[in-house]
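Asks: Sharing a structure, written as structure tokens. Questions coming.
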Amino acid sequence: MSLVLKVYPNAYLTLVGGGPLEERLKEQASRLGISNQVQFIEKVSHDKIPSLLGLHNVYIQPSIKDEETFQEESFGVAALEAMVSGLATVVFECGGLTELASLVNTPAVKVVPQKNVSELVKAIIYIFENKLVISHAERVKIGELFSSTMNSSQILRIYGELTQ
């Protein structure tokens with residue numbers, strides 16, 4: 001964020017989700033002198049997510065593969081919600097996030113290597129400079145791909161294949 005602020009001094013960051021790194025992140029924001037541009041929200045109720053997303057220009061999902069357990073993001077529902085809301089989205093190359101991003105052919109969705117700060121900053125600045133959003137047509141396509149109707153038909157198709 002401190003690198004983005006050098007180019008866009010009015011930018012701000014909202015971090016959603018509490019956890020063991022929260023205090024360390026708050027200390028880091030303070031140390032970098034960017035505490036006023038960073039908001040920490042421990043939890044957001046599902047009905048408040050659309051309005052929170054609507055206050056932002058880009059959604060970032062910086063998931064990484066755990067080096068001890070090898071666990072990684074399996075899907076990325078939050079990234080999907082952001083994309084369906086029209087927000088430009090940047091995800092790390094991790095688990096299902098890469099596949100999710102590949103479903104939308106738009107410069108408003110970027111995939112960057114895990115833990116690569118310079119690529120992340122480049123992607124954010126590119127989105128800001130070009131004022132990118134996910135178009136209505138792309139949002140509809142994403143919504144259709146993950147609709148309950150599509151999910152049900154896929155499950156029925158798979159069950160049908162398994163029982164033959």
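In the structure tokens, the first chain shown is A, the next is B, and so on; residue numbers restart at 1 for each chain, and ligands run from 1 in the order shown.
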Would you pick out the contacts of Lys115 in chain A at 10 Å or less, using only C-alpha atoms, so that residues sharing its chain but fewer than 5 positions from it are not included, and give the list as a list of chain:residue names?
Replies: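 With the cut-off at 10 Å, the set is A:Pro62, A:Ser63, A:Ile64, A:Lys65, A:Phe92, A:Glu93, A:Leu120.
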Asks: List every residue of range 43-72 of chain A that DSSP, applied to the backbone, labels as alpha helix (DSSP H), and write the result as a list of chain:residue names.
Replies: A:Ile49, A:Pro50, A:Ser51, A:Leu52, A:Leu53
Asks: Can you write just those residues out, N, CA, C and O atoms, as a PDB file, in the first residue's frame?
Replies:
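Now in out_7.pdb:
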ATOM      1  N   ILE A  49     -21.855  -6.952   2.522  1.00  0.00           N
ATOM      2  CA  ILE A  49     -20.750  -7.094   1.559  1.00  0.00           C
ATOM      3  C   ILE A  49     -20.959  -6.247   0.304  1.00  0.00           C
ATOM      4  O   ILE A  49     -20.044  -5.526  -0.105  1.00  0.00           O
ATOM      5  N   PRO A  50     -22.133  -6.261  -0.335  1.00  0.00           N
ATOM      6  CA  PRO A  50     -22.285  -5.452  -1.548  1.00  0.00           C
ATOM      7  C   PRO A  50     -22.018  -3.964  -1.327  1.00  0.00           C
ATOM      8  O   PRO A  50     -21.344  -3.322  -2.144  1.00  0.00           O
ATOM      9  N   SER A  51     -22.505  -3.408  -0.235  1.00  0.00           N
ATOM     10  CA  SER A  51     -22.279  -1.987   0.004  1.00  0.00           C
ATOM     11  C   SER A  51     -20.809  -1.702   0.299  1.00  0.00           C
ATOM     12  O   SER A  51     -20.271  -0.680  -0.127  1.00  0.00           O
ATOM     13  N   LEU A  52     -20.127  -2.607   0.992  1.00  0.00           N
ATOM     14  CA  LEU A  52     -18.699  -2.423   1.252  1.00  0.00           C
ATOM     15  C   LEU A  52     -17.904  -2.490  -0.056  1.00  0.00           C
ATOM     16  O   LEU A  52     -17.045  -1.650  -0.309  1.00  0.00           O
ATOM     17  N   LEU A  53     -18.211  -3.479  -0.886  1.00  0.00           N
ATOM     18  CA  LEU A  53     -17.528  -3.582  -2.179  1.00  0.00           C
ATOM     19  C   LEU A  53     -17.763  -2.338  -3.018  1.00  0.00           C
ATOM     20  O   LEU A  53     -16.857  -1.872  -3.717  1.00  0.00           O
TER      21      LEU A  53
END
Asks: Can you tell me, as a short mmCIF file (atom, residue, chain, number, x, y, z; two decimals) with C-alpha atoms, in the first residue's frame, what residues are no more than 8 Å from range 11-28 of chain A when counting only C-alpha atoms, ignoring any on the same chain fewer than 4 positions away?
Replies:
data_model
loop_
_atom_site.label_atom_id
_atom_site.label_comp_id
_atom_site.auth_asym_id
_atom_site.auth_seq_id
_atom_site.Cartn_x
_atom_site.Cartn_y
_atom_site.Cartn_z
CA MET A 1 0.00 0.00 0.00
CA VAL A 4 0.56 2.56 -4.29
CA LEU A 5 0.26 5.71 -2.16
CA LEU A 32 5.10 2.88 7.32
CA SER A 35 -2.37 4.10 9.26
CA GLN A 37 -5.15 5.14 4.74
CA VAL A 38 -5.73 1.64 6.12
CA GLN A 39 -8.97 0.48 7.71
CA PHE A 40 -9.23 -2.84 9.53
CA ILE A 41 -12.61 -4.58 9.70
CA GLU A 42 -12.70 -7.83 11.63
CA LYS A 43 -15.95 -9.17 10.22
CA VAL A 44 -18.59 -8.16 7.66
#
Asks: List the neighbours of Ala88 in chain A out to 6 Å using only C-alpha atoms; skip same-chain residues closer than 2 positions along the sequence, and give me the result as a count of residues only.
Replies: 5
Asks: Considering only strand (DSSP E) as DSSP defines it on the backbone, what residues of range 33-89 of chain A qualify? List them as a PDB file with N, CA and C atoms, in the first residue's frame.
Replies:
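Below you can see selection.pdb, which holds the result:
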ATOM      1  N   VAL A  38      -5.428   3.063   5.974  1.00  0.00           N
ATOM      2  CA  VAL A  38      -5.734   1.640   6.120  1.00  0.00           C
ATOM      3  C   VAL A  38      -6.817   1.459   7.180  1.00  0.00           C
ATOM      4  N   GLN A  39      -7.878   0.771   6.795  1.00  0.00           N
ATOM      5  CA  GLN A  39      -8.971   0.476   7.708  1.00  0.00           C
ATOM      6  C   GLN A  39      -9.004  -1.036   7.937  1.00  0.00           C
ATOM      7  N   PHE A  40      -9.138  -1.429   9.180  1.00  0.00           N
ATOM      8  CA  PHE A  40      -9.229  -2.840   9.534  1.00  0.00           C
ATOM      9  C   PHE A  40     -10.661  -3.141   9.971  1.00  0.00           C
ATOM     10  N   ILE A  41     -11.271  -4.133   9.346  1.00  0.00           N
ATOM     11  CA  ILE A  41     -12.614  -4.575   9.701  1.00  0.00           C
ATOM     12  C   ILE A  41     -12.516  -6.066  10.013  1.00  0.00           C
ATOM     13  N   VAL A  58     -11.031  -1.594  -6.426  1.00  0.00           N
ATOM     14  CA  VAL A  58     -10.351  -2.845  -6.752  1.00  0.00           C
ATOM     15  C   VAL A  58     -10.435  -3.779  -5.550  1.00  0.00           C
ATOM     16  N   TYR A  59     -10.578  -5.062  -5.857  1.00  0.00           N
ATOM     17  CA  TYR A  59     -10.582  -6.091  -4.826  1.00  0.00           C
ATOM     18  C   TYR A  59      -9.306  -6.910  -5.000  1.00  0.00           C
ATOM     19  N   ILE A  60      -8.632  -7.189  -3.901  1.00  0.00           N
ATOM     20  CA  ILE A  60      -7.391  -7.953  -3.950  1.00  0.00           C
ATOM     21  C   ILE A  60      -7.524  -9.167  -3.036  1.00  0.00           C
ATOM     22  N   GLN A  61      -7.199 -10.338  -3.580  1.00  0.00           N
ATOM     23  CA  GLN A  61      -7.203 -11.571  -2.790  1.00  0.00           C
ATOM     24  C   GLN A  61      -5.768 -12.115  -2.791  1.00  0.00           C
ATOM     25  N   ALA A  88     -12.891  -4.418 -10.345  1.00  0.00           N
ATOM     26  CA  ALA A  88     -11.645  -4.953 -10.871  1.00  0.00           C
ATOM     27  C   ALA A  88     -11.044  -5.810  -9.767  1.00  0.00           C
ATOM     28  N   THR A  89     -10.416  -6.910 -10.134  1.00  0.00           N
ATOM     29  CA  THR A  89      -9.972  -7.886  -9.147  1.00  0.00           C
ATOM     30  C   THR A  89      -8.550  -8.335  -9.436  1.00  0.00           C
TER      31      THR A  89
END
Asks: Suppose you want the space between CA of Ser102 in chain A and CA of Phe128 in chain A; what is it in Å?
Replies: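 For CA of Ser102 in chain A relative to CA of Phe128 in chain A, the distance reads 20.8 Å.
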Asks: From the list A:Val140, A:Ala123, A:Val111, A:Met83, which residue is nearest Gly95 in chain A when using only C-alpha atoms?
Replies: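 Of all the options, A:Val111 lies closest to Gly95 in chain A.
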Asks: Counting only C-alpha atoms, which of A:Val104, A:Leu145, A:Leu87, A:Leu3 gets nearest to Lys131 in chain A?
Replies: A:Leu87
Asks: If you count only C-alpha atoms, which residues fall within 6 Å of Gly76 in chain A, apart from same-chain ones fewer than 2 positions away, as a tab-separated table (two decimals) with N, CA, C and O atoms, in the first residue's frame?
Replies:
chain	number	residue	atom	x	y	z
A	78	ALA	N	-15.08	-14.96	-2.09
A	78	ALA	CA	-15.01	-13.50	-1.94
A	78	ALA	C	-14.57	-12.84	-3.25
A	78	ALA	O	-15.12	-11.80	-3.64
A	79	ALA	N	-13.62	-13.43	-3.94
A	79	ALA	CA	-13.18	-12.89	-5.23
A	79	ALA	C	-14.31	-12.96	-6.25
A	79	ALA	O	-14.53	-12.02	-7.03
A	97	LEU	N	-8.10	-19.73	-7.38
A	97	LEU	CA	-8.20	-18.32	-7.78
A	97	LEU	C	-7.75	-18.11	-9.23
A	97	LEU	O	-8.35	-17.33	-9.97
Asks: At a cut-off of 12 Å, using only C-alpha atoms, what residues contact Glu67 in chain A? Leave out same-chain residues fewer than 4 positions from it and give the result as a list in words.
Replies: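 Here the qualifying residues turn out to be Gln71, Glu72 and Gln114 of chain A.
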Asks: Just write the chosen residues, N, CA, C and O atoms, as a tab-separated table (two decimals), in the first residue's frame.
Replies:
chain	number	residue	atom	x	y	z
A	71	GLN	N	-1.70	-26.23	2.09
A	71	GLN	CA	-3.07	-25.84	1.81
A	71	GLN	C	-3.06	-24.54	1.02
A	71	GLN	O	-2.20	-23.69	1.21
A	72	GLU	N	-4.05	-24.41	0.13
A	72	GLU	CA	-4.19	-23.17	-0.62
A	72	GLU	C	-5.66	-22.91	-0.89
A	72	GLU	O	-6.50	-23.77	-0.69
A	114	GLN	N	2.36	-15.31	-6.39
A	114	GLN	CA	2.28	-15.20	-4.94
A	114	GLN	C	3.47	-14.43	-4.38
A	114	GLN	O	4.60	-14.60	-4.84
Asks: So, with only C-alpha atoms as the atoms that count, which of A:Ser85, A:Val7, A:Glu99, A:Ala137 lies closest to His56 in chain A?
Replies: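 Of all the options, A:Ser85 lies closest to His56 in chain A.
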Asks: So the first atom is CA of Ile142 in chain A and the second is CA of Phe70 in chain A; what is the distance between them in Å, to one decimal place?
Replies: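 Pair CA of Ile142 in chain A / CA of Phe70 in chain A returns 28.5 Å.
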